[in-house]
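Colleague: Contents of start.cif (mmCIF, C-alpha atoms (C1' of nucleotides)):
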data_work
loop_
_atom_site.label_atom_id
_atom_site.label_comp_id
_atom_site.auth_asym_id
_atom_site.auth_seq_id
_atom_site.Cartn_x
_atom_site.Cartn_y
_atom_site.Cartn_z
CA MET A 456 -37.23 10.41 82.54
CA ALA A 457 -39.74 13.18 82.76
CA THR A 458 -37.15 15.89 82.24
CA THR A 459 -35.77 14.37 79.06
CA THR A 460 -39.27 14.00 77.75
CA ALA A 461 -40.03 17.63 78.38
CA ALA A 462 -36.77 18.64 76.76
CA GLN A 463 -37.44 16.43 73.79
CA LYS A 464 -40.82 18.00 73.41
CA ARG A 465 -39.29 21.40 73.26
CA VAL A 466 -36.78 20.29 70.67
CA ARG A 467 -39.54 18.60 68.70
CA ALA A 468 -41.60 21.77 68.70
CA LYS A 469 -38.64 23.61 67.25
CA VAL A 470 -38.15 21.36 64.26
CA GLU A 471 -41.81 20.86 63.52
CA TYR A 472 -43.15 22.40 60.35
CA ASP A 473 -46.33 24.40 59.95
CA ALA A 474 -47.53 25.27 56.46
CA PHE A 475 -49.69 28.05 57.90
CA LEU A 476 -46.53 30.04 58.52
CA ALA A 477 -45.26 32.05 55.57
CA GLY A 478 -41.58 31.36 56.04
CA CYS A 479 -41.89 27.65 56.74
CA PRO A 480 -40.24 25.36 54.17
CA SER A 481 -43.30 23.15 54.26
CA ARG A 482 -45.33 26.02 52.84
CA GLN A 483 -43.06 26.02 49.82
CA LEU A 484 -43.20 22.24 49.57
CA LEU A 485 -46.98 22.37 49.73
CA ASP A 486 -46.89 24.82 46.87
CA ARG A 487 -44.71 22.47 44.84
CA ILE A 488 -46.85 19.40 45.28
CA SER A 489 -50.08 21.37 44.89
CA ASP A 490 -49.68 21.23 41.16
CA LYS A 491 -51.78 19.80 38.38
CA TRP A 492 -48.83 18.18 36.65
CA VAL A 493 -47.41 16.71 39.83
CA ALA A 494 -50.73 15.03 40.55
CA LEU A 495 -51.02 13.69 37.00
CA VAL A 496 -47.42 12.50 36.73
CA LEU A 497 -47.59 10.65 40.02
CA ALA A 498 -50.96 9.19 39.09
CA ALA A 499 -49.62 7.98 35.76
CA LEU A 500 -46.50 6.45 37.28
CA GLY A 501 -48.52 4.39 39.70
CA ASP A 502 -51.04 3.27 37.16
CA ASP A 503 -50.20 -0.35 36.42
CA ALA A 504 -52.52 -0.55 33.44
CA CYS A 505 -50.77 2.40 31.87
CA ALA A 506 -48.31 1.03 29.35
CA PRO A 507 -49.50 -2.46 28.61
CA GLY A 508 -47.22 -5.13 27.23
CA HIS A 509 -43.91 -3.79 28.36
CA ALA A 510 -41.32 -4.38 31.04
CA ALA A 511 -42.24 -3.61 34.62
CA PRO A 512 -45.44 -1.92 35.76
CA GLY A 513 -45.03 1.54 37.21
CA VAL A 514 -42.02 2.19 35.01
CA LEU A 515 -42.64 4.70 32.24
CA ARG A 516 -40.56 6.30 29.57
CA TYR A 517 -40.54 10.01 28.92
CA SER A 518 -42.51 9.64 25.72
CA GLU A 519 -45.07 7.42 27.40
CA LEU A 520 -45.63 10.02 30.06
CA SER A 521 -46.00 12.81 27.56
CA ARG A 522 -48.57 10.76 25.66
CA ARG A 523 -50.47 9.94 28.83
CA LEU A 524 -50.62 13.54 30.06
CA ALA A 525 -52.43 14.99 27.09
CA GLY A 526 -51.52 18.57 26.38
CA VAL A 527 -48.44 18.80 28.55
CA SER A 528 -45.55 20.70 27.01
CA GLN A 529 -42.06 19.21 26.97
CA LYS A 530 -40.93 22.01 29.16
CA MET A 531 -43.49 21.43 31.88
CA LEU A 532 -43.06 17.68 31.83
CA THR A 533 -39.28 17.89 32.08
CA GLN A 534 -39.50 20.57 34.73
CA THR A 535 -41.97 18.59 36.79
CA LEU A 536 -39.94 15.39 36.51
CA ARG A 537 -36.73 17.18 37.51
CA SER A 538 -38.43 18.68 40.52
CA LEU A 539 -39.86 15.32 41.55
CA GLU A 540 -36.48 13.68 41.11
CA ARG A 541 -34.74 16.35 43.16
CA ASP A 542 -37.25 15.94 45.96
CA GLY A 543 -36.73 12.19 45.95
CA LEU A 544 -40.20 11.27 44.70
CA VAL A 545 -39.16 9.61 41.46
CA THR A 546 -36.00 8.00 40.14
CA ARG A 547 -34.66 8.65 36.67
CA THR A 548 -32.87 5.82 34.91
CA VAL A 549 -30.89 6.28 31.72
CA THR A 550 -30.24 3.19 29.61
CA PRO A 551 -27.48 3.82 27.03
CA THR A 552 -29.26 2.30 24.07
CA VAL A 553 -29.37 4.00 20.69
CA PRO A 554 -31.28 6.15 20.91
CA VAL A 555 -31.12 6.58 24.64
CA THR A 556 -33.93 5.23 26.83
CA VAL A 557 -34.99 7.12 29.93
CA THR A 558 -37.45 5.69 32.42
CA TYR A 559 -39.08 7.11 35.50
CA GLU A 560 -40.30 5.24 38.54
CA LEU A 561 -41.81 6.16 41.87
CA THR A 562 -39.76 5.91 45.05
CA ASP A 563 -41.36 4.84 48.30
CA LEU A 564 -41.69 8.47 49.23
CA GLY A 565 -43.33 9.20 45.90
CA ARG A 566 -45.69 6.30 46.33
CA SER A 567 -46.86 7.66 49.67
CA LEU A 568 -47.66 11.03 48.14
CA ARG A 569 -49.22 9.42 45.11
CA GLU A 570 -51.89 7.76 47.24
CA LEU A 571 -52.94 11.17 48.53
CA LEU A 572 -52.86 12.96 45.20
CA ARG A 573 -54.69 10.18 43.44
CA GLY A 574 -57.47 10.81 45.94
CA VAL A 575 -57.53 14.46 44.90
CA LYS A 576 -57.60 13.59 41.20
CA ASP A 577 -60.35 11.05 41.77
CA TRP A 578 -62.28 13.61 43.80
CA ALA A 579 -62.15 16.07 40.92
CA GLU A 580 -63.47 13.48 38.51
CA ALA A 581 -66.11 12.17 40.90
CA HIS A 582 -67.58 15.51 41.98
CA MET A 583 -67.32 17.30 38.65
CA ASP A 584 -71.07 17.31 38.05
CA GLU A 585 -71.80 18.59 41.54
CA VAL A 586 -69.32 21.44 41.15
CA LEU A 587 -70.71 22.26 37.72
CA ASP A 588 -74.21 22.51 39.19
CA HIS A 589 -73.03 24.83 41.94
CA ARG A 590 -71.30 27.04 39.41
CA ARG A 591 -74.42 27.36 37.33
CA GLU A 592 -76.47 28.25 40.35
CA TYR A 593 -73.90 30.75 41.57
CA ASP A 594 -73.59 32.41 38.18
CA ALA A 595 -77.36 32.63 37.85
CA ARG A 596 -77.72 34.13 41.31
CA THR A 597 -75.05 36.76 40.86
CA SER A 598 -75.71 37.82 37.30
CA MET B 1114 -79.61 -8.33 31.84
CA ALA B 1115 -76.29 -8.52 30.17
CA THR B 1116 -77.25 -6.21 27.31
CA THR B 1117 -78.46 -3.44 29.58
CA THR B 1118 -75.31 -3.73 31.60
CA ALA B 1119 -73.21 -3.33 28.50
CA ALA B 1120 -75.31 -0.40 27.37
CA GLN B 1121 -75.06 1.21 30.78
CA LYS B 1122 -71.33 0.80 30.69
CA ARG B 1123 -71.17 2.63 27.41
CA VAL B 1124 -73.33 5.47 28.73
CA ARG B 1125 -71.24 5.59 31.89
CA ALA B 1126 -68.08 5.83 29.87
CA LYS B 1127 -69.48 8.85 28.09
CA VAL B 1128 -70.22 10.91 31.17
CA GLU B 1129 -67.14 9.88 33.08
CA TYR B 1130 -64.41 12.41 33.53
CA ASP B 1131 -60.72 11.80 33.01
CA ALA B 1132 -58.23 14.39 34.15
CA PHE B 1133 -55.58 12.88 31.88
CA LEU B 1134 -57.43 14.36 28.92
CA ALA B 1135 -56.61 17.95 28.10
CA GLY B 1136 -60.12 19.11 27.32
CA CYS B 1137 -61.83 17.43 30.23
CA PRO B 1138 -63.46 19.77 32.76
CA SER B 1139 -62.01 17.67 35.56
CA ARG B 1140 -58.54 18.66 34.39
CA GLN B 1141 -59.45 22.27 34.98
CA LEU B 1142 -61.04 21.44 38.32
CA LEU B 1143 -57.92 19.55 39.35
CA ASP B 1144 -55.94 22.65 38.52
CA ARG B 1145 -58.20 24.78 40.68
CA ILE B 1146 -58.04 22.60 43.75
CA SER B 1147 -54.34 21.92 43.31
CA ASP B 1148 -53.56 25.21 44.90
CA LYS B 1149 -51.61 26.17 47.98
CA TRP B 1150 -54.26 28.61 49.16
CA VAL B 1151 -57.13 26.22 48.58
CA ALA B 1152 -55.41 23.61 50.72
CA LEU B 1153 -54.69 26.11 53.48
CA VAL B 1154 -58.12 27.75 53.47
CA LEU B 1155 -59.90 24.42 53.65
CA ALA B 1156 -57.51 23.22 56.35
CA ALA B 1157 -58.14 26.35 58.40
CA LEU B 1158 -61.90 26.15 58.05
CA GLY B 1159 -61.99 22.63 59.38
CA ASP B 1160 -59.64 23.28 62.22
CA ASP B 1161 -61.77 23.37 65.35
CA ALA B 1162 -59.01 24.73 67.52
CA CYS B 1163 -58.55 27.64 65.16
CA ALA B 1164 -60.40 30.58 66.65
CA PRO B 1165 -60.84 29.72 70.30
CA GLY B 1166 -63.53 31.27 72.44
CA HIS B 1167 -66.00 32.25 69.77
CA ALA B 1168 -69.25 31.07 68.28
CA ALA B 1169 -69.28 27.80 66.37
CA PRO B 1170 -66.22 25.78 65.43
CA GLY B 1171 -65.40 25.63 61.77
CA VAL B 1172 -66.88 29.08 61.22
CA LEU B 1173 -64.31 31.76 60.52
CA ARG B 1174 -64.41 35.41 59.67
CA TYR B 1175 -62.47 36.93 56.82
CA SER B 1176 -60.01 38.60 59.16
CA GLU B 1177 -59.47 35.40 61.10
CA LEU B 1178 -58.63 33.55 57.91
CA SER B 1179 -56.22 36.21 56.76
CA ARG B 1180 -54.48 36.07 60.12
CA ARG B 1181 -54.29 32.29 60.04
CA LEU B 1182 -52.87 32.10 56.52
CA ALA B 1183 -49.75 34.11 57.17
CA GLY B 1184 -48.59 36.06 54.17
CA VAL B 1185 -51.70 35.74 52.05
CA SER B 1186 -52.69 38.90 50.18
CA GLN B 1187 -56.23 40.21 50.33
CA LYS B 1188 -56.56 39.62 46.64
CA MET B 1189 -55.60 35.97 46.76
CA LEU B 1190 -57.70 35.29 49.85
CA THR B 1191 -60.78 36.92 48.36
CA GLN B 1192 -60.17 35.27 45.02
CA THR B 1193 -59.76 31.85 46.59
CA LEU B 1194 -62.84 32.24 48.76
CA ARG B 1195 -64.95 33.37 45.80
CA SER B 1196 -63.82 30.42 43.78
CA LEU B 1197 -64.54 28.02 46.61
CA GLU B 1198 -67.95 29.57 47.11
CA ARG B 1199 -68.77 29.34 43.42
CA ASP B 1200 -67.79 25.69 43.34
CA GLY B 1201 -69.99 24.96 46.36
CA LEU B 1202 -67.18 24.14 48.77
CA VAL B 1203 -67.79 26.94 51.24
CA THR B 1204 -70.72 29.12 52.21
CA ARG B 1205 -70.42 32.84 52.72
CA THR B 1206 -72.67 34.43 55.32
CA VAL B 1207 -73.10 38.17 55.72
CA THR B 1208 -74.40 39.44 59.04
CA PRO B 1209 -75.57 43.05 58.80
CA THR B 1210 -73.90 44.32 61.94
CA VAL B 1211 -71.96 47.57 62.00
CA PRO B 1212 -69.45 47.05 60.66
CA VAL B 1213 -70.55 44.07 58.63
CA THR B 1214 -69.54 40.56 59.68
CA VAL B 1215 -68.74 37.96 57.06
CA THR B 1216 -68.18 34.33 57.95
CA TYR B 1217 -67.13 31.34 55.94
CA GLU B 1218 -67.99 27.72 56.56
CA LEU B 1219 -67.37 24.43 54.81
CA THR B 1220 -70.17 22.68 52.98
CA ASP B 1221 -70.40 18.89 53.00
CA LEU B 1222 -68.71 18.89 49.61
CA GLY B 1223 -65.96 21.12 50.96
CA ARG B 1224 -65.52 18.89 53.99
CA SER B 1225 -64.97 15.87 51.76
CA LEU B 1226 -62.24 17.66 49.83
CA ARG B 1227 -60.76 19.05 53.01
CA GLU B 1228 -60.02 15.58 54.32
CA LEU B 1229 -57.96 14.87 51.23
CA LEU B 1230 -56.11 18.17 51.15
CA ARG B 1231 -55.37 18.08 54.84
CA GLY B 1232 -53.60 14.82 54.11
CA VAL B 1233 -51.48 16.59 51.50
CA LYS B 1234 -50.67 19.45 53.85
CA ASP B 1235 -49.78 17.01 56.64
CA TRP B 1236 -47.64 15.04 54.21
CA ALA B 1237 -45.67 18.16 53.34
CA GLU B 1238 -45.04 18.91 56.98
CA ALA B 1239 -44.24 15.30 57.87
CA HIS B 1240 -41.80 14.57 55.06
CA MET B 1241 -40.12 17.95 54.91
CA ASP B 1242 -36.83 16.69 56.34
CA GLU B 1243 -36.72 13.73 53.98
CA VAL B 1244 -37.30 15.97 50.98
CA LEU B 1245 -34.68 18.42 52.20
CA ASP B 1246 -32.16 15.59 52.48
CA HIS B 1247 -32.89 14.43 48.95
CA ARG B 1248 -32.47 17.94 47.62
CA ARG B 1249 -29.10 18.33 49.27
CA GLU B 1250 -27.96 15.02 47.85
CA TYR B 1251 -29.27 15.86 44.39
CA ASP B 1252 -27.66 19.29 44.37
CA ALA B 1253 -24.37 17.84 45.51
CA ARG B 1254 -24.44 15.13 42.85
CA THR B 1255 -25.27 17.48 39.99
CA SER B 1256 -23.10 20.44 40.85
"C1'" DC C 1358 -64.53 45.16 58.68
"C1'" DA C 1359 -64.50 43.10 54.33
"C1'" DG C 1360 -63.60 43.70 50.47
"C1'" DG C 1361 -63.59 46.28 45.23
"C1'" DA C 1362 -60.73 48.56 41.73
"C1'" DT C 1363 -56.41 49.54 39.60
"C1'" DC C 1364 -51.78 49.45 38.39
"C1'" DC C 1365 -47.88 46.96 37.30
"C1'" DC C 1366 -44.05 43.83 37.64
"C1'" DG C 1367 -42.18 39.20 37.36
"C1'" DC C 1368 -41.96 34.91 35.90
"C1'" DT C 1369 -44.13 31.08 34.10
"C1'" DA C 1370 -46.03 28.49 30.50
"C1'" DG C 1371 -46.14 27.81 25.65
"C1'" DA C 1372 -44.14 27.81 21.02
"C1'" DT C 1373 -40.22 27.13 18.29
"C1'" DA C 1374 -35.73 25.65 17.02
"C1'" DC C 1375 -31.77 22.93 17.89
"C1'" DT C 1376 -28.82 18.65 19.75
"C1'" DG C 1377 -26.35 14.34 21.77
"C1'" DC D 381 -35.67 9.60 21.85
"C1'" DA D 382 -35.28 12.77 25.33
"C1'" DG D 383 -34.30 16.39 26.13
"C1'" DT D 384 -31.86 21.80 26.18
"C1'" DA D 385 -32.02 26.73 24.75
"C1'" DT D 386 -34.19 30.91 23.68
"C1'" DC D 387 -37.84 34.14 23.10
"C1'" DT D 388 -42.05 36.15 24.12
"C1'" DA D 389 -46.84 37.02 25.45
"C1'" DG D 390 -49.89 36.63 29.09
"C1'" DC D 391 -51.36 36.65 33.54
"C1'" DG D 392 -50.68 35.46 38.33
"C1'" DG D 393 -50.13 37.83 42.24
"C1'" DG D 394 -48.54 41.74 45.19
"C1'" DA D 395 -48.97 46.69 46.44
"C1'" DT D 396 -51.75 50.51 46.83
"C1'" DC D 397 -55.79 53.27 47.20
"C1'" DC D 398 -60.62 53.53 47.89
"C1'" DT D 399 -65.61 52.29 49.76
"C1'" DG D 400 -70.31 50.64 51.87
#
What do you get writing this file as structure tokens?
Modeller:
Amino acid sequence: MATTTAAQKRVRAKVEYDAFLAGCPSRQLLDRISDKWVALVLAALGDDACAPGHAAPGVLRYSELSRRLAGVSQKMLTQTLRSLERDGLVTRTVTPTVPVTVTYELTDLGRSLRELLRGVKDWAEAHMDEVLDHRREYDARTS
Amino acid sequence: MATTTAAQKRVRAKVEYDAFLAGCPSRQLLDRISDKWVALVLAALGDDACAPGHAAPGVLRYSELSRRLAGVSQKMLTQTLRSLERDGLVTRTVTPTVPVTVTYELTDLGRSLRELLRGVKDWAEAHMDEVLDHRREYDARTS
DNA sequence: CAGGATCCCGCTAGATACTG
DNA sequence: CAGTATCTAGCGGGATCCTG
């Protein structure tokens, strides 16, 4: 089945995405997920030790998230969560209590991205001192 | 040495960075590296098969980068490269030819971040279809 | 070739007020 | 509690022109 293989390859090449290309949807998706709040929201949702003494791990309420992500505005948090929900990275569950309870949880897709972004967040925290040193040196050299 | 361990832990806790905190420098660093252009520049600089038939792999000229990152403006490319240089992620080398030749190369620090960000870029390309499906479903459900 | 300098528009993030 | 709605200031980012 050499011919089918070659044909399949051609078809494959057509539907493959390349973020280096300006018009490619993956470029826009890369832009979406390359976001401070996305990284922090996903990190918080996967953090089991986040909201101790309550229901299931990895399930957080809106208010818990906003407390965890210090300094986030309601607008940005809601916007980020909506975007993540639309892209299928988190699920939003509304429980009709009084007042209403809304919880967010990672999907499998979200979990896969979370692993990557947690690495980026950890990198930032781990190499902070190194970067700070480089900045000082650079600023001294160019001033 | 239980006391020293406890003391060390306390000292450690002081100098550790936490991107969840608003004032933490690592939050700002996370914001910097959570950037479309950062991901693409680092990805391009590590790509050996990028500029075939020329000097060393992983060494790219300004014009080669701007060609690779389709749609990037000069301003954003220069701005991104400056920032990366300042943070010690890339080195900038000026060769006094006529006209001048400027090349960029990853540092070890930059290489370590590149591995992570390449994962993010690959994720975007790999899961594009899945995300697109979720968006269609979401838009249909909410319209 | 590899930018620097400037102008300027858009839209995004933040603050504030209101609601089911 | 978990948002929506509205307004606005600020700046991100593109276009354009210029230079060593």
Colleague: Could you jot down the atom CA of Cys479 of chain A to atom CA of Asp1200 of chain B separation for me, Å, one decimal place?
Modeller: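 Calculated distance between atom CA of Cys479 of chain A and atom CA of Asp1200 of chain B is 29.2 Å.
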Colleague: Would you list the contacts of segment 1358-1374 of chain C as a ChimeraX atom specification, taking every protein, DNA or RNA residue within 12 Å and counting all atoms listed in the file, but skipping same-chain residues closer than 4 positions in sequence?
Modeller: /A:526-532,534 /B:1174-1179,1186-1192,1194-1195,1205-1216 /D:384-400
Colleague: Could you give me, as a VMD selection string, the residues within 9 Å of Leu1142 of chain B, counting only C-alpha atoms (C1' of nucleotides) and dropping anything in the same chain fewer than 5 positions from it?
Modeller: (chain A and resid 579 to 580 583 586) or (chain B and resid 1132 1147)
Colleague: Atom CA of Arg1227 of chain B and atom CA of Leu1155 of chain B are how many Å apart?
Modeller: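 Value for the atom CA of Arg1227 of chain B-atom CA of Leu1155 of chain B distance: 5.5 Å.
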Colleague: Please report, as JSON, the centre and edge lengths in Å to one decimal of an axis-aligned box covering all listed atoms of segment 1166-1180 of chain B with 4 Å per side.
Modeller:
{"center_x": -61.9, "center_y": 32.1, "center_z": 64.6, "size_x": 22.8, "size_y": 21.0, "size_z": 23.7}
Colleague: To test your reading of the syntax: which residues would the PyMOL selection byres ((chain A) within 8 of (chain B)) return for the file shown? Reply as a ChimeraX atom specification.
Modeller: /A:471-477,480-482,484-486,489-491,495,523-526,541-543,568,571-572,574-576,578-581,583,586-587,589-590,593-594
Colleague: Return as a list in words the residues belonging to chain D that are within 9 Å of chain A, counting only C-alpha atoms (C1' of nucleotides).
Modeller: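 Those within range of chain A come out as DC381, DA382 and DG383 of chain D.
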